[in-house]
Each structure stands twice: as structure tokens, then as C-alpha cells.
$ cat model.csv   # CSV, C-alpha atoms
chain,number,residue,atom,x,y,z
A,1,MET,CA,-245.1,-14.0,-25.8
A,2,THR,CA,-243.8,-16.6,-28.2
A,3,ASN,CA,-243.2,-14.0,-30.7
A,4,SER,CA,-241.3,-11.8,-28.2
A,5,SER,CA,-239.1,-14.7,-27.0
A,6,SER,CA,-238.4,-15.7,-30.5
A,7,SER,CA,-237.5,-12.1,-31.3
A,8,ALA,CA,-235.2,-11.9,-28.2
A,9,ALA,CA,-233.5,-15.1,-29.1
A,10,ALA,CA,-233.1,-13.8,-32.6
A,11,THR,CA,-231.4,-10.6,-31.2
A,12,LYS,CA,-228.6,-12.6,-29.2
A,13,PRO,CA,-225.2,-12.6,-30.7
A,14,PRO,CA,-224.6,-15.8,-32.5
A,15,GLY,CA,-221.4,-16.8,-30.5
A,16,SER,CA,-222.8,-16.2,-26.9
A,17,ASN,CA,-223.8,-19.9,-26.4
A,18,GLU,CA,-220.4,-21.0,-27.7
A,19,ARG,CA,-218.6,-18.8,-25.2
A,20,ARG,CA,-220.8,-20.0,-22.3
A,21,ARG,CA,-219.9,-23.6,-23.2
A,22,ILE,CA,-216.2,-22.7,-23.4
A,23,PHE,CA,-216.3,-20.9,-20.0
A,24,ARG,CA,-218.1,-23.9,-18.5
A,25,ILE,CA,-215.4,-26.3,-19.8
A,26,VAL,CA,-212.7,-24.0,-18.5
A,27,ARG,CA,-214.2,-23.9,-15.1
A,28,ILE,CA,-214.6,-27.6,-15.0
A,29,GLY,CA,-211.0,-28.1,-16.1
A,30,LEU,CA,-209.7,-25.6,-13.6
A,31,GLY,CA,-211.6,-27.4,-10.8
A,32,ILE,CA,-210.3,-30.8,-11.9
A,33,THR,CA,-206.8,-29.3,-12.0
A,34,LEU,CA,-207.1,-27.8,-8.5
A,35,ILE,CA,-208.4,-31.1,-7.2
A,36,GLY,CA,-205.6,-33.0,-8.9
A,37,LEU,CA,-203.0,-30.5,-7.5
A,38,ALA,CA,-204.5,-30.9,-4.0
A,39,VAL,CA,-204.4,-34.7,-4.3
A,40,TYR,CA,-200.8,-34.5,-5.6
A,41,LEU,CA,-199.7,-32.2,-2.8
A,42,LEU,CA,-201.4,-34.5,-0.3
A,43,TRP,CA,-199.7,-37.5,-1.8
A,44,TRP,CA,-196.3,-35.7,-1.9
A,45,ARG,CA,-196.7,-34.7,1.7
A,46,GLN,CA,-197.4,-38.3,2.7
A,47,ARG,CA,-194.4,-39.5,0.7
A,48,TYR,CA,-191.8,-36.9,1.7
A,49,VAL,CA,-191.0,-35.2,5.1
A,50,VAL,CA,-190.6,-31.4,4.8
A,51,SER,CA,-189.0,-29.2,7.4
A,52,ARG,CA,-191.0,-26.5,9.1
A,53,VAL,CA,-187.9,-24.3,9.5
A,54,GLY,CA,-184.4,-24.8,8.1
A,55,TYR,CA,-181.1,-22.9,7.9
A,56,LEU,CA,-177.5,-23.4,7.1
A,57,ASN,CA,-175.1,-23.7,10.0
A,58,GLY,CA,-171.3,-24.1,10.5
A,59,THR,CA,-168.6,-24.5,13.0
A,60,VAL,CA,-167.2,-21.4,14.7
A,61,MET,CA,-163.8,-21.7,16.5
A,62,THR,CA,-162.3,-19.3,18.9
A,63,LEU,CA,-158.6,-18.5,19.0
A,64,TYR,CA,-157.3,-17.8,22.5
A,65,ALA,CA,-154.1,-16.1,23.9
A,66,ARG,CA,-151.5,-18.8,24.7
A,67,ILE,CA,-149.6,-16.5,27.1
A,68,ALA,CA,-150.2,-13.3,29.0
A,69,GLY,CA,-148.9,-10.2,27.4
A,70,THR,CA,-149.7,-7.4,25.0
A,71,LEU,CA,-151.6,-8.4,21.8
A,72,THR,CA,-151.0,-6.7,18.5
A,73,LEU,CA,-153.5,-7.9,15.9
A,74,GLU,CA,-153.5,-7.4,12.2
A,75,PRO,CA,-156.5,-5.4,10.8
A,76,LEU,CA,-159.1,-8.1,10.1
A,77,ARG,CA,-162.6,-7.8,8.8
A,78,PRO,CA,-165.5,-10.2,9.1
A,79,GLY,CA,-165.8,-12.3,6.0
A,80,GLU,CA,-162.1,-12.3,5.3
A,81,LEU,CA,-160.6,-15.6,4.1
A,82,LEU,CA,-157.5,-16.7,6.0
A,83,LYS,CA,-155.3,-19.6,4.7
A,84,ALA,CA,-154.0,-22.2,7.1
A,85,GLY,CA,-150.9,-21.1,8.9
A,86,THR,CA,-151.5,-17.4,8.4
A,87,THR,CA,-150.1,-15.2,11.2
A,88,ILE,CA,-152.7,-12.7,12.3
A,89,GLY,CA,-150.9,-11.2,15.3
A,90,PHE,CA,-148.3,-11.3,18.1
A,91,ILE,CA,-148.3,-11.4,21.9
A,92,ARG,CA,-145.3,-9.9,23.6
A,93,ASN,CA,-144.4,-10.4,27.3
A,94,ASP,CA,-140.9,-9.3,28.2
A,95,ARG,CA,-141.0,-10.4,31.8
A,96,ASN,CA,-142.2,-13.4,33.7
A,97,PRO,CA,-140.4,-13.6,37.0
A,98,GLN,CA,-142.5,-16.5,38.3
A,99,LEU,CA,-141.3,-18.8,35.5
A,100,GLU,CA,-137.7,-17.8,36.1
A,101,THR,CA,-138.0,-18.5,39.8
A,102,ASP,CA,-139.6,-21.9,39.1
A,103,ARG,CA,-136.8,-22.7,36.7
A,104,GLN,CA,-134.1,-21.9,39.3
A,105,ASN,CA,-135.9,-24.0,42.0
A,106,LEU,CA,-136.2,-26.9,39.6
A,107,GLU,CA,-132.6,-26.8,38.6
A,108,THR,CA,-131.5,-26.7,42.3
A,109,ARG,CA,-133.6,-29.8,43.0
A,110,LEU,CA,-132.2,-31.5,39.9
A,111,GLY,CA,-128.6,-30.8,41.1
A,112,VAL,CA,-129.4,-32.3,44.5
A,113,ALA,CA,-131.0,-35.4,42.9
A,114,LEU,CA,-128.0,-35.8,40.6
A,115,ALA,CA,-125.6,-35.6,43.6
A,116,GLN,CA,-127.6,-38.2,45.4
A,117,GLN,CA,-127.6,-40.4,42.3
A,118,ARG,CA,-123.8,-40.2,42.1
A,119,GLY,CA,-123.4,-41.0,45.8
A,120,LEU,CA,-125.6,-44.0,45.5
A,121,GLN,CA,-123.8,-45.2,42.4
A,122,GLU,CA,-120.5,-45.0,44.1
A,123,LYS,CA,-121.9,-46.8,47.2
A,124,ARG,CA,-123.2,-49.5,44.9
A,125,ASN,CA,-119.9,-49.9,43.1
A,126,SER,CA,-118.1,-50.3,46.5
A,127,ARG,CA,-120.6,-52.9,47.6
A,128,MET,CA,-120.3,-54.8,44.3
A,129,ALA,CA,-116.5,-54.8,44.8
A,130,LEU,CA,-116.9,-56.3,48.3
A,131,ILE,CA,-119.4,-58.8,46.9
A,132,ALA,CA,-116.8,-59.9,44.3
A,133,GLN,CA,-114.2,-60.3,47.0
A,134,LEU,CA,-116.5,-62.2,49.3
A,135,GLU,CA,-117.5,-64.5,46.5
A,136,ARG,CA,-113.9,-65.3,45.9
A,137,TYR,CA,-113.6,-66.1,49.6
A,138,GLN,CA,-116.7,-68.2,49.5
A,139,GLN,CA,-115.3,-70.0,46.4
A,140,SER,CA,-112.1,-70.7,48.3
A,141,GLN,CA,-114.0,-72.0,51.3
A,142,HIS,CA,-116.0,-74.3,49.1
A,143,ILE,CA,-112.9,-75.7,47.5
A,144,LEU,CA,-111.3,-76.3,50.9
A,145,GLU,CA,-114.5,-77.9,52.3
A,146,THR,CA,-114.6,-80.2,49.2
A,147,ARG,CA,-110.9,-81.1,49.6
A,148,PHE,CA,-111.4,-81.8,53.3
A,149,ALA,CA,-114.3,-84.1,52.5
A,150,GLN,CA,-112.2,-85.8,49.8
A,151,GLU,CA,-109.4,-86.4,52.3
A,152,ALA,CA,-111.9,-87.8,54.9
A,153,VAL,CA,-113.1,-90.2,52.2
A,154,GLN,CA,-109.5,-91.3,51.5
A,155,ARG,CA,-108.7,-91.7,55.2
A,156,THR,CA,-111.8,-93.8,55.7
A,157,LEU,CA,-111.0,-95.8,52.6
A,158,GLY,CA,-107.5,-96.6,54.1
A,159,GLU,CA,-109.0,-97.6,57.4
A,160,LEU,CA,-111.5,-99.8,55.6
A,161,ARG,CA,-108.7,-101.6,53.8
A,162,GLN,CA,-106.8,-102.1,57.0
A,163,ALA,CA,-109.9,-103.5,58.7
A,164,GLN,CA,-110.4,-105.8,55.8
A,165,GLU,CA,-106.9,-107.1,56.1
A,166,ALA,CA,-107.2,-107.6,59.8
A,167,LEU,CA,-110.5,-109.5,59.2
A,168,ALA,CA,-108.8,-111.7,56.7
A,169,ILE,CA,-106.0,-112.5,59.2
A,170,ALA,CA,-108.6,-113.0,62.1
A,171,ARG,CA,-110.5,-115.5,59.9
A,172,ILE,CA,-107.4,-117.4,59.1
A,173,GLU,CA,-106.4,-117.7,62.8
A,174,ALA,CA,-110.0,-118.7,63.7
A,175,GLU,CA,-109.9,-121.5,61.1
A,176,ARG,CA,-106.4,-122.6,62.2
A,177,TYR,CA,-107.3,-122.7,65.9
A,178,THR,CA,-110.6,-124.5,65.2
A,179,ALA,CA,-108.6,-127.2,63.3
A,180,LEU,CA,-106.1,-127.5,66.2
A,181,VAL,CA,-109.0,-127.9,68.7
A,182,GLU,CA,-110.3,-130.8,66.6
A,183,ALA,CA,-106.8,-132.3,66.6
A,184,GLY,CA,-106.6,-131.8,70.4
A,185,ALA,CA,-103.5,-129.6,70.1
A,186,VAL,CA,-105.0,-126.6,71.8
A,187,ALA,CA,-107.8,-125.9,74.2
A,188,ARG,CA,-111.3,-125.0,73.1
A,189,GLN,CA,-111.0,-121.6,74.9
A,190,VAL,CA,-108.2,-120.5,72.6
A,191,ALA,CA,-110.2,-121.4,69.5
A,192,ASP,CA,-113.3,-119.6,70.8
A,193,GLU,CA,-111.2,-116.4,71.4
A,194,ALA,CA,-109.9,-116.6,67.9
A,195,VAL,CA,-113.4,-116.9,66.4
A,196,SER,CA,-114.6,-114.0,68.6
A,197,ARG,CA,-111.8,-111.8,67.3
A,198,ALA,CA,-112.8,-112.7,63.7
A,199,LYS,CA,-116.4,-111.7,64.4
A,200,GLN,CA,-115.3,-108.4,65.9
A,201,ALA,CA,-113.1,-107.7,62.9
A,202,ALA,CA,-116.0,-108.4,60.6
A,203,LYS,CA,-118.2,-105.9,62.5
A,204,PHE,CA,-115.5,-103.3,62.4
A,205,VAL,CA,-115.3,-103.8,58.6
A,206,GLU,CA,-119.0,-103.2,58.3
A,207,SER,CA,-118.8,-100.1,60.4
A,208,GLN,CA,-115.9,-98.8,58.3
A,209,GLN,CA,-117.9,-99.4,55.1
A,210,ALA,CA,-120.9,-97.5,56.5
A,211,GLU,CA,-118.5,-94.6,57.5
A,212,LEU,CA,-117.1,-94.6,53.9
A,213,ARG,CA,-120.6,-94.3,52.5
A,214,ARG,CA,-121.3,-91.4,54.9
A,215,GLN,CA,-118.1,-89.7,54.0
A,216,GLN,CA,-118.8,-90.1,50.2
A,217,THR,CA,-122.3,-88.6,50.8
A,218,ALA,CA,-120.7,-85.7,52.7
A,219,LEU,CA,-118.2,-85.2,49.8
A,220,GLN,CA,-121.1,-85.0,47.3
A,221,ALA,CA,-122.9,-82.5,49.5
A,222,ALA,CA,-119.7,-80.4,49.9
A,223,ARG,CA,-119.3,-80.2,46.2
A,224,GLN,CA,-122.9,-78.8,46.0
A,225,GLY,CA,-122.2,-76.3,48.9
A,226,LEU,CA,-124.3,-78.3,51.4
A,227,GLN,CA,-123.6,-79.4,54.9
A,228,LEU,CA,-124.9,-82.7,56.3
A,229,ASP,CA,-123.1,-83.2,59.6
A,230,ALA,CA,-125.3,-80.6,61.5
A,231,SER,CA,-127.7,-77.8,60.9
A,232,ARG,CA,-126.5,-75.4,58.2
A,233,THR,CA,-124.2,-72.7,59.7
A,234,PHE,CA,-122.8,-69.8,57.6
A,235,SER,CA,-119.3,-68.5,57.8
A,236,PHE,CA,-118.6,-64.8,58.1
A,237,PRO,CA,-118.1,-64.3,54.3
A,238,GLN,CA,-121.4,-66.0,53.5
A,239,ILE,CA,-123.3,-63.9,56.1
A,240,ARG,CA,-121.6,-60.7,54.9
A,241,LEU,CA,-122.3,-61.6,51.3
A,242,ILE,CA,-126.0,-62.0,52.0
A,243,ASP,CA,-126.2,-58.7,53.8
A,244,LEU,CA,-124.4,-56.9,50.9
A,245,GLN,CA,-126.7,-58.5,48.3
A,246,ILE,CA,-129.7,-57.2,50.2
A,247,GLU,CA,-128.1,-53.8,50.5
A,248,VAL,CA,-127.5,-53.7,46.7
A,249,VAL,CA,-131.1,-54.5,46.1
A,250,ASP,CA,-132.2,-51.5,48.3
A,251,ILE,CA,-129.6,-49.2,46.5
A,252,ASP,CA,-131.0,-50.3,43.1
A,253,ALA,CA,-134.5,-49.4,44.3
A,254,GLU,CA,-133.4,-45.9,45.4
A,255,LEU,CA,-131.5,-45.4,42.2
A,256,LEU,CA,-134.6,-46.3,40.2
A,257,ALA,CA,-136.7,-43.8,42.2
A,258,LEU,CA,-134.1,-41.1,41.8
A,259,ALA,CA,-133.9,-41.7,38.0
A,260,THR,CA,-137.6,-41.2,37.8
A,261,THR,CA,-137.4,-38.0,39.8
A,262,ILE,CA,-134.5,-36.7,37.7
A,263,ALA,CA,-136.4,-37.5,34.4
A,264,GLU,CA,-139.5,-35.6,35.7
A,265,LEU,CA,-137.4,-32.6,36.8
A,266,ARG,CA,-135.7,-32.4,33.4
A,267,ARG,CA,-139.1,-32.5,31.7
A,268,GLU,CA,-140.4,-29.7,33.9
A,269,ILE,CA,-137.3,-27.7,33.3
A,270,ALA,CA,-137.6,-28.2,29.5
A,271,ASN,CA,-141.3,-27.1,29.6
A,272,ILE,CA,-140.4,-24.0,31.6
A,273,LYS,CA,-137.6,-23.2,29.2
A,274,GLN,CA,-140.0,-23.5,26.3
A,275,GLN,CA,-142.5,-21.2,28.0
A,276,LEU,CA,-139.7,-18.7,28.7
A,277,SER,CA,-138.7,-18.8,25.0
A,278,LEU,CA,-142.4,-18.1,24.1
A,279,GLN,CA,-143.0,-15.4,26.7
A,280,ARG,CA,-141.2,-12.7,24.7
A,281,LEU,CA,-143.0,-13.3,21.4
A,282,ALA,CA,-145.8,-15.7,20.8
A,283,THR,CA,-147.4,-15.7,17.3
A,284,VAL,CA,-151.2,-16.1,16.8
A,285,ASN,CA,-151.6,-18.4,13.8
A,286,VAL,CA,-154.7,-19.8,12.0
A,287,PRO,CA,-154.6,-23.6,12.3
A,288,THR,CA,-156.7,-24.2,9.1
A,289,THR,CA,-158.3,-22.3,6.3
A,290,VAL,CA,-161.1,-20.3,7.8
A,291,VAL,CA,-163.3,-17.2,7.5
A,292,VAL,CA,-163.2,-14.4,10.0
A,293,TRP,CA,-166.5,-14.5,11.9
A,294,SER,CA,-166.0,-11.8,14.4
A,295,VAL,CA,-163.0,-9.9,15.9
A,296,ILE,CA,-163.2,-9.7,19.6
A,297,HIS,CA,-160.2,-7.3,20.1
A,298,LYS,CA,-159.2,-4.7,17.6
A,299,THR,CA,-155.8,-3.7,19.0
A,300,GLY,CA,-154.4,-1.1,16.6
A,301,GLU,CA,-150.7,-0.4,16.6
A,302,PHE,CA,-150.4,0.0,20.4
A,303,GLY,CA,-151.9,-3.4,21.3
A,304,ILE,CA,-154.0,-4.3,24.4
A,305,PRO,CA,-153.0,-6.4,27.4
A,306,LEU,CA,-154.5,-9.9,27.7
A,307,ALA,CA,-154.3,-12.8,30.1
A,308,ALA,CA,-153.5,-16.3,29.1
A,309,GLY,CA,-156.7,-17.9,27.7
A,310,ASP,CA,-158.5,-14.7,26.7
A,311,PRO,CA,-160.4,-15.0,23.4
A,312,ILE,CA,-158.9,-13.1,20.5
A,313,VAL,CA,-161.0,-13.8,17.3
A,314,LYS,CA,-163.7,-16.1,16.2
A,315,VAL,CA,-163.4,-17.9,12.8
A,316,LEU,CA,-165.8,-20.0,10.7
A,317,ASP,CA,-164.7,-23.3,9.3
A,318,CYS,CA,-166.3,-23.4,5.8
A,319,SER,CA,-165.2,-27.1,5.3
A,320,ASP,CA,-168.0,-28.1,7.7
A,321,VAL,CA,-171.3,-26.5,6.7
A,322,TRP,CA,-174.5,-28.3,7.2
A,323,ALA,CA,-178.3,-27.7,7.2
A,324,THR,CA,-180.4,-27.8,10.4
A,325,ALA,CA,-184.0,-28.6,9.8
A,326,LEU,CA,-186.9,-28.6,12.3
A,327,VAL,CA,-189.6,-31.2,11.6
A,328,ALA,CA,-192.5,-32.7,13.5
A,329,GLU,CA,-191.7,-35.4,16.0
A,330,ARG,CA,-194.3,-37.7,14.5
A,331,GLU,CA,-192.1,-38.0,11.4
A,332,ASN,CA,-189.3,-39.6,13.5
A,333,PRO,CA,-190.1,-43.2,12.3
A,334,ARG,CA,-189.5,-41.9,8.7
A,335,LEU,CA,-186.1,-40.4,9.5
A,336,ARG,CA,-182.8,-42.2,9.9
A,337,VAL,CA,-179.1,-41.3,10.0
A,338,GLY,CA,-177.6,-41.7,6.6
A,339,GLN,CA,-180.9,-40.9,4.8
A,340,GLU,CA,-180.7,-38.8,1.6
A,341,ALA,CA,-182.2,-35.3,1.7
A,342,THR,CA,-182.7,-32.4,-0.6
A,343,VAL,CA,-181.9,-28.8,0.7
A,344,ARG,CA,-183.7,-26.1,-1.2
A,345,LEU,CA,-182.4,-22.5,-0.9
A,346,LEU,CA,-185.0,-19.9,-0.1
A,347,ASP,CA,-183.0,-17.0,-1.6
A,348,GLY,CA,-185.2,-16.8,-4.7
A,349,SER,CA,-182.8,-19.0,-6.8
A,350,ASP,CA,-184.8,-22.2,-5.9
A,351,ARG,CA,-181.5,-24.1,-6.1
A,352,ARG,CA,-181.3,-27.6,-4.5
A,353,LEU,CA,-178.4,-29.2,-2.7
A,354,ARG,CA,-177.9,-32.9,-2.0
A,355,GLY,CA,-177.2,-34.0,1.6
A,356,ILE,CA,-177.1,-36.9,4.0
A,357,VAL,CA,-178.7,-36.9,7.5
A,358,ARG,CA,-175.9,-37.1,10.1
A,359,ALA,CA,-177.7,-36.4,13.4
A,360,ILE,CA,-181.3,-36.4,14.8
A,361,ARG,CA,-182.0,-34.6,18.1
A,362,GLY,CA,-185.1,-34.2,20.2
A,363,GLY,CA,-186.0,-31.2,22.2
A,364,PRO,CA,-183.9,-32.1,25.3
A,365,GLY,CA,-180.9,-32.8,23.2
A,366,LYS,CA,-180.7,-29.6,21.2
A,367,VAL,CA,-177.5,-27.6,21.0
A,368,GLU,CA,-177.2,-25.0,23.7
A,369,VAL,CA,-176.2,-21.4,23.1
A,370,GLY,CA,-172.4,-21.0,23.6
A,371,GLU,CA,-171.4,-24.1,21.8
A,372,ASN,CA,-169.2,-23.7,18.7
A,373,VAL,CA,-172.0,-23.3,16.1
A,374,ALA,CA,-172.5,-20.2,14.0
A,375,VAL,CA,-176.3,-20.1,14.4
A,376,PRO,CA,-177.6,-21.3,17.7
A,377,PRO,CA,-180.9,-23.2,17.2
A,378,PRO,CA,-184.2,-21.6,18.1
A,379,ASP,CA,-186.3,-23.1,20.9
A,380,LEU,CA,-187.9,-26.3,19.6
A,381,VAL,CA,-191.6,-26.3,19.9
A,382,ARG,CA,-193.3,-29.3,21.5
A,383,ASN,CA,-193.0,-32.6,19.7
A,384,GLU,CA,-190.4,-31.3,17.2
A,385,LEU,CA,-187.0,-32.7,16.1
A,386,ALA,CA,-183.8,-31.0,15.0
A,387,VAL,CA,-182.2,-32.8,12.1
A,388,ASP,CA,-178.7,-32.0,10.8
A,389,VAL,CA,-178.0,-32.7,7.1
A,390,GLN,CA,-174.4,-32.9,5.9
A,391,LEU,CA,-174.2,-31.1,2.5
A,392,GLN,CA,-172.3,-32.9,-0.3
A,393,ASN,CA,-171.7,-29.8,-2.3
A,394,LEU,CA,-171.8,-26.0,-1.9
A,395,PRO,CA,-172.6,-23.4,-4.6
A,396,GLU,CA,-169.6,-21.5,-5.8
A,397,ASP,CA,-171.1,-18.2,-4.8
A,398,PHE,CA,-171.1,-19.3,-1.2
A,399,SER,CA,-167.9,-17.3,-0.8
A,400,ALA,CA,-166.0,-16.1,2.3
A,401,GLU,CA,-167.6,-12.7,2.0
A,402,ARG,CA,-171.0,-14.4,2.3
A,403,PHE,CA,-169.8,-16.6,5.2
A,404,CYS,CA,-170.2,-19.7,3.1
A,405,GLY,CA,-174.0,-19.3,3.1
A,406,VAL,CA,-174.2,-19.9,6.9
A,407,GLY,CA,-177.4,-18.4,8.3
A,408,GLN,CA,-179.4,-18.7,5.1
A,409,SER,CA,-182.9,-20.1,5.3
A,410,VAL,CA,-183.6,-23.4,3.5
A,411,GLU,CA,-186.3,-26.0,3.1
A,412,VAL,CA,-185.2,-29.6,3.7
A,413,VAL,CA,-187.1,-32.5,2.0
A,414,PHE,CA,-186.4,-36.0,3.2
A,415,GLY,CA,-187.0,-38.9,1.0
A,416,GLY,CA,-189.8,-41.3,1.8
$ encode --input "model.csv" --output "C-alpha cells"
Amino acid sequence: MTNSSSSAAATKPPGSNERRRIFRIVRIGLGITLIGLAVYLLWWRQRYVVSRVGYLNGTVMTLYARIAGTLTLEPLRPGELLKAGTTIGFIRNDRNPQLETDRQNLETRLGVALAQQRGLQEKRNSRMALIAQLERYQQSQHILETRFAQEAVQRTLGELRQAQEALAIARIEAERYTALVEAGAVARQVADEAVSRAKQAAKFVESQQAELRRQQTALQAARQGLQLDASRTFSFPQIRLIDLQIEVVDIDAELLALATTIAELRREIANIKQQLSLQRLATVNVPTTVVVWSVIHKTGEFGIPLAAGDPIVKVLDCSDVWATALVAERENPRLRVGQEATVRLLDGSDRRLRGIVRAIRGGPGKVEVGENVAVPPPDLVRNELAVDVQLQNLPEDFSAERFCGVGQSVEVVFGG
């Protein structure tokens, strides 16, 4: 047996043991590499958030007919680039009797309002002339009342002076008769009468001084248009002046309301005239640079009738292209608006685009079908988020013919 084993070992190729060692080392290295790769992938998944599904999306706008009429649209094809301001069709409407009737009715109402305004203005002018005349009358009355009060003051002043002179004479007589009584020349009764007359003259002077003060106060009140002798009574010019002033205030309020009505009627007439000018030929223009997404009505040379507000064509705004990514809701704490993200194209090119998170929506807040997006979102599965990423740059090959890449599948990686 020993000889046979030695002979078998001697018959093995000399490099077989070496090959077995090499294969063993390769298998061990491959296993370590796979384990390291698994560890790296696990670490990478823990550090970064990766979308389950992702796609590029964009804003789709619909152009509508501004007026009712016959639409004639230029031959358009989906994917065609249209510059801002490009005219893509016309809407013709040679008749619109309702607008013309409305215009005539509004102009009739405007004429009536203008006539009322002229009548009120003339009425106001006549009332203002009467007010001016009555104010002159009132001014004259004020001057006369002031002059009357001045004359009363002068009259009272004259009477006061006369009373003072009489008082002086009465006092002299009283003193003279008193001296004569003491000399025994006259009776005491005569002297007492003289003294009594002097006292009466003094009281009369006091009353005249009080009257002078009252008259001076009345003069001051008359100069200010006041009346102190009795309760205030108005003359006919004053009463009529107050009535006219109240009437002018009412006229001004009516004129203000009419001016507002006239301005509104003129605006409505201007709007109707503008609509009438547009009813014969309304152009369909592209407001901004867009790509034709779909043509709703292909009219040909004969055109088709449309009502106002009917859709004409849908266009894609390539200036607003973003990526929508669906990620697990448990990653919500690791996501935030403004966070950087990397968008990897799944078209085989493995190109990566940089972006910023601009919106995060849960299942109840997803975009519904019918809103102005090119690709409506799929139904979100339970505990899943839809994250919109604003792209900072688009590849040059995302041309209009390719609809700016909208609809392409992508993978979105969010930084940890």
C-alpha cells in the first residue's frame, strides 16, 4: 500500500498542488470581496436615501379659445418647439349681436346719466348764485346790526353824560341848601328835598352806566354775529341760506353717485368695444417658449367652430422640469426641503444630474390627475412619500423632439 501511494503521488502532475492553493486563495478573496461589497452596500444604503421609483416631470399648459368662433390652426406636431409670441392660429367671429345690443343699452344709460349730471350741475350753479346773494344780504344785515348797536352805545353814552351833569348840579344844590339850613335861611324840608334829588340823580347815573355796559356788550356780540337781547332768531336770508347750503350738500352727493355710475358705464362700454374689436379676428399666441405636447383640434384649412373657453392645444414648459421620486415614508426624517440630491438617468448612459428638493408630499397630498403636470403620479403605496427635485441643469440632448426628457425613468439619491 505504501508503495502504491508513493507511486500515485509520484504520478500526479507537479503543478496540481499549486493550482489548488491558487484556487483556494481566489475563492477566499472572492468571498471577502463579496462580504466587503455587501457591507459597503449596507453602509451606503444607511447613509443615503434611494428612490424606489423616479421619473422626470414637467408643467403642461393648455391654451384656450378666448372668444367663440371658427378656429383655424397652423399644422403643429407634438415635440415642435414654439418661441414666445408665436402665432399658431386665428379665431374668426363675424357676428355677435348680443354684444352690440349690450353696447347700445349701455350707451343709452350713459346718455341719461350725463343728462342728469348736467341738470344737477346747473341746479347747483343756480343754488350757489343764490347763496352768494344771500350771503351779501346777510353781510349787509350784520353791518346794519353792528351800526345799530354802535348808535345805541353812543346814545346811552350821551344820556350818561347828561345824568352825570345833573348829578353834579344836584349835589351842588344839596350842599348849598344844607349850608342855608345851618344858617337858618331856609327850612329843613327844602334842604332834605335837595339831598333827595341828589341821591336820585346818583342812582340814575349808576343805572345809565350799567346800561352803557350792556350796550357795549351787545355791540361786541353784534360784531360777532350774536344776539343777546333774546333767544336767537334768524332772518329770512339766514333761514334761506341754511336751506340752500343743505340742498347743495345733497346735490353734491347725487353728483358724486352719478360720477361713479358714469365712470362704470364708460368702463363697461370700453370693455364691450374691445370685445367687439376682437370678435372678428382673435389670434392664438404662445405666451412663452414651449414644446407642443398634444394638439386637441386639428382644423385644416376650413377650421372648426369653438365656444369661448374650449381647449385648443397643450404645450410643455421646458423651463420647469423636475424629478419626482417615490421613497419609503420611514425616510421622512432624513429628507428636507432644500436638500441636495443626485438624479441618475436610467437610459443606459448612467448620467447624473444635480438637484435640490423643492417639495415633499405624503399619500393624501399627491398630485391628482388633471392638474397641469405632464406625467400624473402613480398611486402611492402605503407609507410612501413623493419628493420633487428641482434640476439645476439638463443635458443638451434633452431637446424639444424628446420633450425635454419628461417621462424618463430616473433614480434619485438623497444625501445623508
$ atom_distance --input "model.csv" --atom1 "CA of Arg266 (chain A)" --atom2 "CA of Val284 (chain A)"
28.0 Å
$ atom_distance --input "model.csv" --atom1 "CA of Ala65 (chain A)" --atom2 "CA of Phe90 (chain A)"
9.5 Å
$ atom_distance --input "model.csv" --atom1 "CA of Gln117 (chain A)" --atom2 "CA of Leu258 (chain A)"
6.6 Å
$ closest_residue --input "model.csv" --among "A:Val337, A:Leu56, A:Ile272, A:Ile296" --to "Glu107 (chain A)" --atoms "all atoms listed in the file"
A:Ile272
$ closest_residue --input "model.csv" --among "A:Ala263, A:Glu135, A:Gly309, A:Leu144" --to "Ala113 (chain A)" --atoms "all atoms listed in the file"
A:Ala263
$ residues_around --input "model.csv" --residues "Asn393 (chain A)" --least-positions-apart "6" --cutoff "12 Å" --atoms "only C-alpha atoms" --output "JSON, numbers by chain"
{"A": [318, 319, 320, 321, 322, 323, 342, 343, 351, 352, 353, 354, 355, 356, 404]}
$ residues_around --input "model.csv" --residues "Phe148 (chain A)" --least-positions-apart "2" --cutoff "12 Å" --atoms "only C-alpha atoms" --output "PyMOL selection string"
chain A and resi 141-146+150-155+215-216+218-220+222-223
$ residues_around --input "model.csv" --residues "Pro311 (chain A)" --least-positions-apart "5" --cutoff "7 Å" --atoms "only C-alpha atoms" --output "number ranges by chain"
A: 62-65
$ closest_residue --input "model.csv" --among "A:Gly58, A:Ile91, A:Val389, A:Met128" --to "Gln245 (chain A)" --atoms "all atoms listed in the file"
A:Met128
$ residues_around --input "model.csv" --residues "Phe204 (chain A)" --least-positions-apart "5" --cutoff "12 Å" --atoms "only C-alpha atoms" --output "number ranges by chain"
A: 159-167, 170, 197-199, 209-211
